[in-house]
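Here's work_24.cif, which has mmCIF, C-alpha atoms and all ligand atoms:
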```cif
data_upload
#
loop_
_atom_site.label_atom_id
_atom_site.label_comp_id
_atom_site.auth_asym_id
_atom_site.auth_seq_id
_atom_site.Cartn_x
_atom_site.Cartn_y
_atom_site.Cartn_z
CA MET A 1 32.86 74.77 6.62
CA ILE A 2 31.19 71.49 7.47
CA LEU A 3 32.72 68.17 6.46
CA GLY A 4 30.10 65.42 6.22
CA ILE A 5 30.89 61.70 6.22
CA GLU A 6 28.42 58.93 5.33
CA THR A 7 29.08 55.17 5.41
CA SER A 8 25.77 53.64 6.52
CA CYS A 9 25.30 51.24 3.61
CA ASP A 10 27.24 50.71 0.39
CA GLU A 11 28.17 54.29 -0.49
CA THR A 12 31.36 55.77 0.92
CA ALA A 13 30.70 59.50 0.85
CA ALA A 14 32.22 62.77 2.00
CA ALA A 15 31.15 66.35 1.27
CA VAL A 16 31.92 69.92 2.23
CA VAL A 17 28.97 72.24 2.79
CA THR A 18 28.91 75.82 4.07
CA ALA A 19 26.83 77.14 6.94
CA ASP A 20 24.44 78.57 4.34
CA GLY A 21 23.96 75.19 2.72
CA ASP A 22 26.12 75.72 -0.35
CA ILE A 23 27.67 72.47 -1.56
CA LEU A 24 31.41 72.94 -2.17
CA SER A 25 32.04 69.27 -2.90
CA ASN A 26 30.04 66.04 -2.85
CA VAL A 27 32.00 62.84 -3.40
CA VAL A 28 30.24 59.47 -3.52
CA ALA A 29 32.11 56.22 -4.11
CA SER A 30 29.48 53.57 -4.78
CA GLN A 31 30.26 49.96 -4.00
CA SER A 32 27.22 48.67 -5.86
CA GLU A 33 29.28 46.84 -8.49
CA LEU A 34 31.09 45.00 -5.73
CA HIS A 35 27.80 43.74 -4.29
CA ALA A 36 25.92 43.24 -7.58
CA ARG A 37 26.99 39.63 -8.02
CA PHE A 38 25.47 38.80 -4.62
CA GLY A 39 22.18 40.52 -5.52
CA GLY A 40 22.38 42.78 -2.47
CA VAL A 41 24.73 44.42 0.00
CA VAL A 42 26.97 42.02 1.94
CA PRO A 43 27.61 43.83 5.24
CA GLU A 44 31.09 42.48 5.93
CA ILE A 45 32.28 43.28 2.41
CA ALA A 46 30.77 46.77 2.70
CA SER A 47 32.69 47.47 5.93
CA ARG A 48 35.99 46.36 4.44
CA ARG A 49 35.49 48.46 1.33
CA HIS A 50 34.55 51.52 3.40
CA LEU A 51 37.82 51.09 5.24
CA GLU A 52 39.74 51.23 1.95
CA LEU A 53 37.76 54.09 0.47
CA VAL A 54 37.05 56.44 3.34
CA SER A 55 40.38 58.28 3.55
CA PRO A 56 40.75 58.89 -0.21
CA VAL A 57 37.10 59.98 -0.40
CA VAL A 58 37.49 62.47 2.46
CA ARG A 59 40.72 63.78 0.92
CA GLU A 60 38.98 64.14 -2.46
CA ALA A 61 36.08 66.06 -0.88
CA LEU A 62 38.50 68.52 0.75
CA GLU A 63 40.48 68.90 -2.49
CA ARG A 64 37.41 69.55 -4.62
CA ALA A 65 36.20 72.13 -2.08
CA ASP A 66 39.69 73.60 -2.22
CA ILE A 67 40.13 73.62 1.56
CA THR A 68 42.35 71.87 4.09
CA LEU A 69 41.38 70.16 7.34
CA ASP A 70 42.48 73.30 9.18
CA GLU A 71 39.55 75.13 7.62
CA VAL A 72 36.92 72.62 8.70
CA ASP A 73 34.79 74.12 11.49
CA ARG A 74 32.50 71.20 12.09
CA LEU A 75 32.21 67.51 11.31
CA GLY A 76 28.95 65.69 10.65
CA VAL A 77 28.82 61.91 10.54
CA THR A 78 26.06 59.35 10.15
CA ARG A 79 25.63 57.46 13.40
CA GLY A 80 22.66 55.27 12.34
CA PRO A 81 20.46 53.63 11.27
CA GLY A 82 22.33 51.35 8.88
CA LEU A 83 24.78 48.47 8.77
CA ILE A 84 26.61 48.60 12.08
CA GLY A 85 30.05 47.62 10.77
CA ALA A 86 29.74 50.11 7.90
CA LEU A 87 28.64 52.92 10.22
CA LEU A 88 31.55 52.27 12.57
CA VAL A 89 34.07 53.01 9.82
CA GLY A 90 32.76 56.52 9.15
CA LEU A 91 32.23 57.16 12.84
CA ALA A 92 35.78 56.10 13.72
CA VAL A 93 37.22 58.40 11.05
CA ALA A 94 35.11 61.31 12.26
CA LYS A 95 36.15 60.66 15.86
CA GLY A 96 39.80 60.57 14.84
CA LEU A 97 39.54 63.86 12.95
CA SER A 98 37.61 65.45 15.78
CA TRP A 99 40.05 64.32 18.46
CA GLY A 100 43.20 64.93 16.45
CA ARG A 101 42.21 68.36 15.18
CA GLY A 102 39.86 69.51 17.90
CA ILE A 103 36.95 69.87 15.46
CA PRO A 104 33.42 69.72 16.94
CA LEU A 105 31.58 66.58 15.84
CA VAL A 106 27.82 66.42 15.25
CA PRO A 107 26.28 62.92 15.13
CA VAL A 108 23.62 62.75 12.41
CA ASP A 109 20.67 60.41 12.04
CA HIS A 110 20.60 59.07 8.46
CA LEU A 111 16.86 59.69 8.10
CA GLN A 112 17.26 63.25 9.36
CA GLY A 113 20.04 63.50 6.76
CA HIS A 114 17.69 62.53 3.94
CA VAL A 115 15.24 65.21 5.06
CA ALA A 116 18.11 67.73 5.29
CA SER A 117 18.88 67.14 1.59
CA LEU A 118 16.03 69.62 1.10
CA TYR A 119 17.80 72.33 3.12
CA LEU A 120 20.67 72.69 0.65
CA GLN A 121 21.17 75.46 -1.90
CA PRO A 122 20.17 76.56 -4.49
CA ASP A 123 16.49 75.91 -3.66
CA PRO A 124 16.23 75.19 0.06
CA VAL A 125 12.82 74.21 1.42
CA ASP A 126 12.02 75.35 4.93
CA PRO A 127 9.88 73.37 7.40
CA PRO A 128 7.10 72.77 8.19
CA PHE A 129 6.16 70.35 5.43
CA LEU A 130 4.89 66.83 4.95
CA CYS A 131 7.63 64.51 3.76
CA LEU A 132 7.67 61.11 2.10
CA LEU A 133 10.99 59.44 2.87
CA ALA A 134 11.37 56.41 0.60
CA SER A 135 14.71 54.60 0.48
CA GLY A 136 16.15 51.10 0.43
CA GLY A 137 15.70 50.76 4.16
CA HIS A 138 12.72 52.97 5.02
CA THR A 139 9.34 54.18 3.85
CA LEU A 140 8.08 56.89 6.15
CA LEU A 141 5.51 59.66 6.08
CA LEU A 142 6.88 62.45 8.23
CA ASP A 143 5.42 65.59 9.66
CA VAL A 144 8.58 67.73 9.56
CA GLU A 145 8.10 70.36 12.24
CA ASP A 146 11.43 72.16 12.10
CA HIS A 147 15.02 71.59 10.96
CA THR A 148 15.72 69.05 13.70
CA ARG A 149 12.42 67.35 14.47
CA PHE A 150 9.86 65.22 12.70
CA ARG A 151 6.92 63.08 13.71
CA VAL A 152 6.29 59.71 12.04
CA LEU A 153 2.75 59.50 10.62
CA GLY A 154 3.12 56.24 8.73
CA THR A 155 5.65 53.56 7.93
CA THR A 156 5.95 50.28 6.08
CA LEU A 157 4.84 47.11 7.78
CA ASP A 158 7.14 44.92 5.70
CA ASP A 159 9.43 45.88 2.80
CA ALA A 160 10.65 49.43 2.19
CA ALA A 161 9.71 50.94 -1.19
CA GLY A 162 13.30 50.78 -2.44
CA GLU A 163 13.55 47.20 -1.25
CA ALA A 164 10.39 46.41 -3.24
CA PHE A 165 12.05 47.95 -6.31
CA ASP A 166 15.23 45.95 -5.70
CA LYS A 167 13.43 42.65 -5.12
CA GLY A 168 11.20 43.24 -8.15
CA ALA A 169 14.24 43.95 -10.29
CA ARG A 170 15.76 40.70 -9.15
CA LEU A 171 12.61 38.76 -10.12
CA LEU A 172 12.74 40.43 -13.53
CA GLY A 173 16.37 39.46 -13.99
CA LEU A 174 17.62 43.05 -13.81
CA GLY A 175 20.75 44.16 -12.02
CA TYR A 176 21.30 45.39 -8.48
CA PRO A 177 20.43 47.99 -7.27
CA GLY A 178 17.20 47.64 -9.17
CA GLY A 179 15.25 50.86 -8.66
CA ALA A 180 17.00 52.84 -11.36
CA GLU A 181 16.92 49.78 -13.69
CA ILE A 182 13.15 49.38 -13.32
CA ASP A 183 12.73 53.13 -13.76
CA ARG A 184 14.64 52.98 -17.06
CA LEU A 185 12.93 49.86 -18.39
CA ALA A 186 9.44 51.03 -17.33
CA ARG A 187 9.64 53.94 -19.77
CA THR A 188 9.23 51.51 -22.66
CA GLY A 189 6.52 49.39 -21.02
CA ASP A 190 2.76 49.56 -20.54
CA PRO A 191 1.87 50.35 -16.90
CA GLU A 192 -1.70 49.12 -17.44
CA MET A 193 -0.73 45.70 -18.82
CA TYR A 194 -0.75 44.06 -15.41
CA THR A 195 -2.83 45.01 -12.40
CA PHE A 196 -0.76 44.47 -9.29
CA PRO A 197 -2.51 44.80 -5.94
CA VAL A 198 -1.54 47.55 -3.56
CA ALA A 199 -2.59 46.66 -0.03
CA ARG A 200 -4.37 49.21 2.11
CA VAL A 201 -3.43 48.69 5.70
CA ARG A 202 -6.07 48.71 8.43
CA SER A 203 -5.26 50.80 11.46
CA ALA A 204 -5.74 47.92 13.86
CA ALA A 205 -2.61 46.31 12.47
CA THR A 206 -0.53 49.22 13.64
CA PRO A 207 0.21 50.11 17.23
CA GLY A 208 0.17 53.75 18.25
CA LYS A 209 -2.74 56.06 18.98
CA ALA A 210 -1.83 58.70 16.44
CA ARG A 211 -2.03 56.25 13.58
CA ARG A 212 -5.33 54.81 14.78
CA ARG A 213 -6.95 58.19 14.39
CA ALA A 214 -6.93 57.49 10.68
CA SER A 215 -10.20 57.91 8.84
CA LYS A 216 -12.34 54.94 7.80
CA GLY A 217 -10.12 52.69 9.89
CA MET A 218 -7.33 53.01 7.34
CA SER A 219 -3.84 53.87 8.45
CA LEU A 220 -1.12 55.80 6.68
CA ASP A 221 1.08 52.71 6.65
CA PHE A 222 2.42 50.86 3.65
CA SER A 223 2.77 47.21 2.74
CA PHE A 224 4.69 46.04 -0.30
CA SER A 225 5.19 42.32 0.31
CA GLY A 226 1.95 41.28 -1.46
CA LEU A 227 2.99 43.21 -4.52
CA LYS A 228 6.28 41.36 -4.68
CA THR A 229 4.47 38.02 -4.46
CA ALA A 230 2.11 39.07 -7.26
CA LEU A 231 5.09 39.85 -9.47
CA LEU A 232 6.65 36.52 -8.57
CA TYR A 233 3.50 34.69 -9.74
CA ALA A 234 3.26 36.74 -12.92
CA VAL A 235 6.87 35.95 -13.78
CA ARG A 236 6.47 32.27 -12.93
CA ASP A 237 3.66 31.93 -15.46
CA LEU A 238 5.91 33.04 -18.32
CA ASP A 239 8.49 31.02 -20.22
CA PRO A 240 11.86 32.71 -20.86
CA ALA A 241 10.86 34.05 -24.29
CA GLU A 242 7.59 35.48 -22.97
CA LEU A 243 9.38 37.05 -20.02
CA GLU A 244 11.80 38.71 -22.39
CA GLU A 245 8.88 40.13 -24.35
CA ARG A 246 6.90 41.23 -21.29
CA ARG A 247 9.74 42.45 -19.09
CA ALA A 248 9.20 46.16 -19.80
CA ASP A 249 5.43 45.86 -19.26
CA LEU A 250 5.98 44.02 -16.00
CA ALA A 251 8.48 46.65 -14.86
CA ALA A 252 6.12 49.49 -15.82
CA SER A 253 3.10 47.87 -14.11
CA TYR A 254 5.09 47.01 -11.00
CA GLN A 255 6.55 50.50 -10.71
CA HIS A 256 3.10 51.96 -11.31
CA ALA A 257 1.71 49.98 -8.36
CA ILE A 258 4.47 51.15 -6.00
CA VAL A 259 4.13 54.77 -7.10
CA ARG A 260 0.34 54.61 -6.78
CA ALA A 261 0.69 53.46 -3.18
CA LEU A 262 3.29 56.11 -2.34
CA VAL A 263 1.38 58.97 -3.98
CA GLY A 264 -2.01 57.92 -2.60
CA ARG A 265 -0.85 57.71 0.99
CA THR A 266 1.24 60.88 0.75
CA LEU A 267 -1.63 62.99 -0.56
CA GLU A 268 -3.95 61.49 2.03
CA ALA A 269 -1.49 62.37 4.80
CA ALA A 270 -1.17 65.91 3.47
CA GLU A 271 -4.93 66.28 3.49
CA ARG A 272 -5.31 64.90 7.00
CA GLN A 273 -2.53 67.13 8.28
CA GLY A 274 -3.88 70.11 6.41
CA SER A 275 -0.41 70.70 4.98
CA ASP A 276 -0.20 72.26 1.57
CA ARG A 277 3.52 71.58 1.22
CA VAL A 278 4.74 68.13 0.34
CA ALA A 279 8.31 66.94 -0.20
CA ILE A 280 9.90 63.66 -1.25
CA VAL A 281 13.37 62.43 -0.23
CA GLY A 282 15.42 59.21 -0.29
CA GLY A 283 16.65 57.03 -3.14
CA VAL A 284 13.14 56.28 -4.43
CA ALA A 285 12.50 60.04 -4.74
CA ALA A 286 14.80 59.78 -7.77
CA ASN A 287 12.09 57.74 -9.52
CA SER A 288 10.83 59.54 -12.61
CA GLU A 289 7.24 58.30 -12.38
CA LEU A 290 7.01 59.32 -8.70
CA ARG A 291 8.40 62.77 -9.45
CA ALA A 292 5.97 63.19 -12.34
CA ALA A 293 3.04 62.00 -10.23
CA LEU A 294 3.78 64.63 -7.55
CA PRO A 295 4.67 67.63 -9.72
CA ASP A 296 4.10 70.11 -6.91
CA ALA A 297 6.20 68.26 -4.35
CA ALA A 298 9.58 69.63 -3.40
CA ALA A 299 12.37 67.22 -4.32
CA ALA A 300 16.13 67.47 -4.17
CA PRO A 301 18.21 66.95 -7.33
CA LEU A 302 18.66 63.25 -8.20
CA GLU A 303 22.21 62.98 -6.83
CA LEU A 304 21.00 64.22 -3.45
CA CYS A 305 18.15 61.67 -3.28
CA THR A 306 20.37 58.60 -3.09
CA ASP A 307 22.86 58.32 -0.23
CA ASN A 308 25.43 61.11 -0.07
CA ALA A 309 27.33 63.13 2.53
CA ALA A 310 26.14 66.60 1.53
CA MET A 311 22.82 65.80 3.17
CA ILE A 312 24.67 64.63 6.31
CA ALA A 313 26.68 67.87 6.43
CA SER A 314 23.43 69.75 5.85
CA ALA A 315 21.80 68.08 8.86
CA ALA A 316 24.94 68.76 10.94
CA ARG A 317 24.36 72.49 10.39
CA PHE A 318 21.31 72.26 12.64
CA GLY A 319 22.49 69.65 15.16
CA SER A 320 24.52 70.08 18.35
CA PRO A 321 28.13 68.94 18.63
CA ALA A 322 28.67 65.95 20.92
CA ALA A 323 30.03 66.85 24.36
CA ASP A 324 32.28 63.79 24.31
CA PRO A 325 32.72 62.67 20.67
CA LEU A 326 34.85 59.65 21.51
CA ARG A 327 31.95 58.13 23.44
CA LEU A 328 29.56 58.21 20.45
CA ASP A 329 28.30 54.83 19.37
CA ALA A 330 26.62 53.74 16.15
CA TYR A 331 23.10 52.29 16.07
CA ALA A 332 21.71 49.85 13.49
CA VAL A 333 18.00 50.54 13.94
CA ALA A 334 16.23 53.91 14.29
O1 LIG A 401 18.45 56.46 0.03
P1 LIG A 401 19.19 55.35 -0.62
O2 LIG A 401 20.32 55.69 -1.52
O3 LIG A 401 19.76 54.35 0.44
C1 LIG A 401 19.10 54.01 1.62
O4 LIG A 401 19.15 54.82 2.58
O5 LIG A 401 18.47 52.94 1.58
O6 LIG A 401 18.10 54.49 -1.40
C2 LIG A 401 18.47 53.40 -2.18
C3 LIG A 401 17.21 52.82 -2.79
C4 LIG A 401 17.48 51.50 -3.51
O7 LIG A 401 16.50 50.57 -3.08
C5 LIG A 401 17.29 51.86 -4.97
O8 LIG A 401 16.81 50.78 -5.75
C6 LIG A 401 16.29 52.98 -4.90
O9 LIG A 401 16.66 53.73 -3.77
N1 LIG A 401 16.32 53.84 -6.10
C7 LIG A 401 15.28 53.99 -6.94
C8 LIG A 401 15.74 54.83 -8.00
N2 LIG A 401 17.03 55.18 -7.74
C9 LIG A 401 17.37 54.57 -6.58
N3 LIG A 401 14.04 53.47 -6.91
C10 LIG A 401 13.21 53.79 -7.91
N4 LIG A 401 13.57 54.58 -8.96
C11 LIG A 401 14.81 55.12 -9.04
N5 LIG A 401 15.13 55.90 -10.08
ZN ZN A 402 19.67 56.53 2.63
#
```
Can you give me the file's structure in the form of structure tokens?
Ligand code: KG4
Ligand code: ZN
Amino acid sequence: MILGIETSCDETAAAVVTADGDILSNVVASQSELHARFGGVVPEIASRRHLELVSPVVREALERADITLDEVDRLGVTRGPGLIGALLVGLAVAKGLSWGRGIPLVPVDHLQGHVASLYLQPDPVDPPFLCLLASGGHTLLLDVEDHTRFRVLGTTLDDAAGEAFDKGARLLGLGYPGGAEIDRLARTGDPEMYTFPVARVRSAATPGKARRRASKGMSLDFSFSGLKTALLYAVRDLDPAELEERRADLAASYQHAIVRALVGRTLEAAERQGSDRVAIVGGVAANSELRAALPDAAAAPLELCTDNAAMIASAARFGSPAADPLRLDAYAVA
């Protein structure tokens, strides 16, 4: 029995997963409504809310799994990357449980956690595979070698894909978080109505020999900031009534541009790597157009794409317990 705890951003989450990857419980308390009025996550508010929610959420996860703390064999907790104050709440709880109950504690990298969402039942995917990790904080193309290791083939030079969705949603006057809102609205819009530019990034802009090996001088990196500016200009040209009328078309066209960039680079990476297996993880992997555009890609169920603790428990299955759990520290950046 592995108890996973995740508090890296604005979801307070706990889950119980078995050694075989069966999910016995998966509790996620989202704080998004709390942060919505600020248009984004306020770190200090997130930390305070985690503090209030973490014990009830852990208790709920144990109850739903129908086990007690005595039956927990291993703890897995997100150590980073994320908001440092938010991470410290989950980490402190995990340390307390580990120390008080003598339960081994495995520190888990949040990105590794997203990848490990694919290792859960009922349809686990085994490495090696090429993985697009697209979330609110990261956009990475990963060569996943085994259950504990990956190599970064490409990343974003500015905004993450989820961040581009969230900022776009804000420009369109939609709520926060915006990815799911754009996804919903885009279904009624025309993706060809507006042509938004998707930047191709030259290798020279990116340090690192591996990335410079890219063909035709093009790297496997992403850039979404130009796209956001293009949307800003398009919106600025419209009066309120026109914006109302065009909002769905703008959302559809904007989403289409992001998805085109993600799909293009992912397939290119797969070809270069010679990998015939592609997977998508992270909050943006919940996007319906992205999932439809990569029908052969492995993808976890929607509730395992966005932040959750089942994926953290899943990663903890493959990690090593810390020799001295009380000395573990959180890290903000990967
Ligand atoms: O993985 P995640 O829950 O948290 C991070 O680790 O960042 O990802 C959250 C991101 C947000 O930017 C959110 O807008 C985006 O995932 N997202 C979506 C969808 N659902 C969530 N983006 C596009 N389409 C969706 N359906
Ligand atoms: Zn995440």
Need the shell around Asp109 of chain A: protein/DNA/RNA residues with any atom at most 12 Å away, counting all atoms listed in the file. Skip same-chain ones fewer than 2 positions apart. Format as an mmCIF file with C-alpha atoms, in the frame of the given file?
```
data_model
loop_
_atom_site.group_PDB
_atom_site.id
_atom_site.type_symbol
_atom_site.label_atom_id
_atom_site.label_comp_id
_atom_site.auth_asym_id
_atom_site.auth_seq_id
_atom_site.Cartn_x
_atom_site.Cartn_y
_atom_site.Cartn_z
ATOM 1 C CA ILE A 5 30.890 61.700 6.220
ATOM 2 C CA GLU A 6 28.420 58.930 5.330
ATOM 3 C CA THR A 7 29.080 55.170 5.410
ATOM 4 C CA SER A 8 25.770 53.640 6.520
ATOM 5 C CA GLY A 76 28.950 65.690 10.650
ATOM 6 C CA VAL A 77 28.820 61.910 10.540
ATOM 7 C CA THR A 78 26.060 59.350 10.150
ATOM 8 C CA ARG A 79 25.630 57.460 13.400
ATOM 9 C CA GLY A 80 22.660 55.270 12.340
ATOM 10 C CA PRO A 81 20.460 53.630 11.270
ATOM 11 C CA GLY A 82 22.330 51.350 8.880
ATOM 12 C CA LEU A 87 28.640 52.920 10.220
ATOM 13 C CA VAL A 106 27.820 66.420 15.250
ATOM 14 C CA PRO A 107 26.280 62.920 15.130
ATOM 15 C CA LEU A 111 16.860 59.690 8.100
ATOM 16 C CA GLN A 112 17.260 63.250 9.360
ATOM 17 C CA GLY A 113 20.040 63.500 6.760
ATOM 18 C CA HIS A 114 17.690 62.530 3.940
ATOM 19 C CA VAL A 115 15.240 65.210 5.060
ATOM 20 C CA ALA A 116 18.110 67.730 5.290
ATOM 21 C CA THR A 148 15.720 69.050 13.700
ATOM 22 C CA ARG A 149 12.420 67.350 14.470
ATOM 23 C CA PHE A 150 9.860 65.220 12.700
ATOM 24 C CA ALA A 309 27.330 63.130 2.530
ATOM 25 C CA MET A 311 22.820 65.800 3.170
ATOM 26 C CA ILE A 312 24.670 64.630 6.310
ATOM 27 C CA ALA A 313 26.680 67.870 6.430
ATOM 28 C CA SER A 314 23.430 69.750 5.850
ATOM 29 C CA ALA A 315 21.800 68.080 8.860
ATOM 30 C CA ALA A 316 24.940 68.760 10.940
ATOM 31 C CA PHE A 318 21.310 72.260 12.640
ATOM 32 C CA GLY A 319 22.490 69.650 15.160
ATOM 33 C CA ASP A 329 28.300 54.830 19.370
ATOM 34 C CA ALA A 330 26.620 53.740 16.150
ATOM 35 C CA TYR A 331 23.100 52.290 16.070
ATOM 36 C CA ALA A 332 21.710 49.850 13.490
ATOM 37 C CA VAL A 333 18.000 50.540 13.940
ATOM 38 C CA ALA A 334 16.230 53.910 14.290
#
```
Would you pick out the contacts of Arg64 of chain A at 9 Å or less, using all atoms listed in the file, so that residues sharing its chain but fewer than 5 positions from it are not included, and give the list as a PDB file with C-alpha atoms, in the coordinates of the input?
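Output file result28.pdb follows:
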```pdb
ATOM      1  CA  VAL A  16      31.920  69.920   2.230  1.00  0.00           C
ATOM      2  CA  LEU A  24      31.410  72.940  -2.170  1.00  0.00           C
ATOM      3  CA  SER A  25      32.040  69.270  -2.900  1.00  0.00           C
ATOM      4  CA  ASN A  26      30.040  66.040  -2.850  1.00  0.00           C
ATOM      5  CA  VAL A  27      32.000  62.840  -3.400  1.00  0.00           C
ATOM      6  CA  ARG A  59      40.720  63.780   0.920  1.00  0.00           C
TER       7      ARG A  59
END
```
Counting all atoms listed in the file, which protein, DNA or RNA residues come within 7 Å of ligand ZN 402 (chain A), given as an mmCIF file with C-alpha atoms, in the coordinates of the input?
```cif
data_model
loop_
_atom_site.group_PDB
_atom_site.id
_atom_site.type_symbol
_atom_site.label_atom_id
_atom_site.label_comp_id
_atom_site.auth_asym_id
_atom_site.auth_seq_id
_atom_site.Cartn_x
_atom_site.Cartn_y
_atom_site.Cartn_z
ATOM 1 C CA HIS A 110 20.600 59.070 8.460
ATOM 2 C CA LEU A 111 16.860 59.690 8.100
ATOM 3 C CA HIS A 114 17.690 62.530 3.940
ATOM 4 C CA SER A 135 14.710 54.600 0.480
ATOM 5 C CA GLY A 136 16.150 51.100 0.430
ATOM 6 C CA GLY A 282 15.420 59.210 -0.290
ATOM 7 C CA GLY A 283 16.650 57.030 -3.140
ATOM 8 C CA THR A 306 20.370 58.600 -3.090
ATOM 9 C CA ASP A 307 22.860 58.320 -0.230
#
```
| task | Please measure the separation of atom CA of Met193 of chain A and atom CA of Arg265 of chain A, giving the value in Å to one decimal. | result | 23.2 Å
| Mind listing the residues within 9 Å of ligand LIG 401 (chain A), all atoms listed in the file counted, as a PyMOL selection string? | chain A and resi 8-11+81-82+110-111+114+133-138+160-167+169+176-184+255+281-290+302+304-308
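In this structure, atom CA of Asp22 of chain A sits 23.7 Å away from atom CA of Gly102 of chain A.
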